[in-house]
Amino acid sequence: MLFRSDTLEELRADLRTRLRQAKVVRQGAQARDEVLKALLATTEVPLPESIVDFQFESRMHDALNAFEHDKQRLGRWLEEQGQTEEEFETDLRNDARETVKAHLMLDTIADAEKLSVTQGELSELVMYQARRQGVDPNDYAQKAHQSGQLSAMLADVRRGKALATVVRQATVTDASGNPVDVDSLVTSTTPS
């Protein structure tokens, strides 16, 4: 197949643009993750054990679901990974604690900043998730509403906005120590 020179140049330009955008998205995700990690490390948050237990049980259920609820298969897989069931459960519990801590902290920030979620923001997330799963957005929204997932999605968007608020206030540098435009990073990490 032959390409016209302007088509090939357009293709190269498009590729350069996409690579720059991907780099910005990666930087934004790294900045967001590092800011969250710093917040979690420096903030004391009382953790209700009942919520941690619920989060742990949910994660355990998801893990077992991946092995068709066969504990022996999960055990064999863990063995192949060089991990005991006790280590796996400890890791799940620690992850559950971190998740609950992050949620409570971000909810507090969202409350303090009086952040809310617009219908447009929720619709954007529904469209994004539907595209990712290859389903009709209306069907996805209806199932999310019926299963009670819409309230969790609202909370996730609100927490994301709270974290974006904190990231915008942080000083972010690249690997060379140069300041990074945080606003472009935060904007580019939003699902679209």
# chains A, B, ... in the order shown; residues from 1 in each chain; ligands from 1

$ residues_around --residues "A:Asp33" --least-positions-apart "4" --cutoff "12 Å" --atoms "only C-alpha atoms" --output "number ranges by chain"
A: 26-29, 37-40, 102, 160, 163-164, 166-167, 172, 186, 189

$ residues_around --residues "A:Asp53" --least-positions-apart "6" --cutoff "9 Å" --atoms "only C-alpha atoms" --output "list in words"
Arg93, Ala96 and Arg97 of chain A

$ write_last_selection --atoms "C-alpha atoms" --output "tab-separated table (two decimals), in the first residue's frame"
chain	number	residue	atom	x	y	z
A	93	ARG	CA	-6.93	-6.52	54.79
A	96	ALA	CA	-8.99	-2.67	52.56
A	97	ARG	CA	-7.67	-0.40	55.34

$ select_by_dssp --residues "chain A" --states "helix (DSSP H, G or I)" --output "number ranges by chain"
A: 5-42, 49-66, 71-80, 85-112, 119-133, 137-147, 149-169, 182-188

$ atom_distance --atom1 "atom CA of A:Glu57" --atom2 "atom CA of A:Ile109"
26.5 Å

$ closest_residue --among "A:Glu89, A:Glu49, A:Glu44, A:Glu98" --to "A:Leu64" --atoms "only C-alpha atoms"
A:Glu89
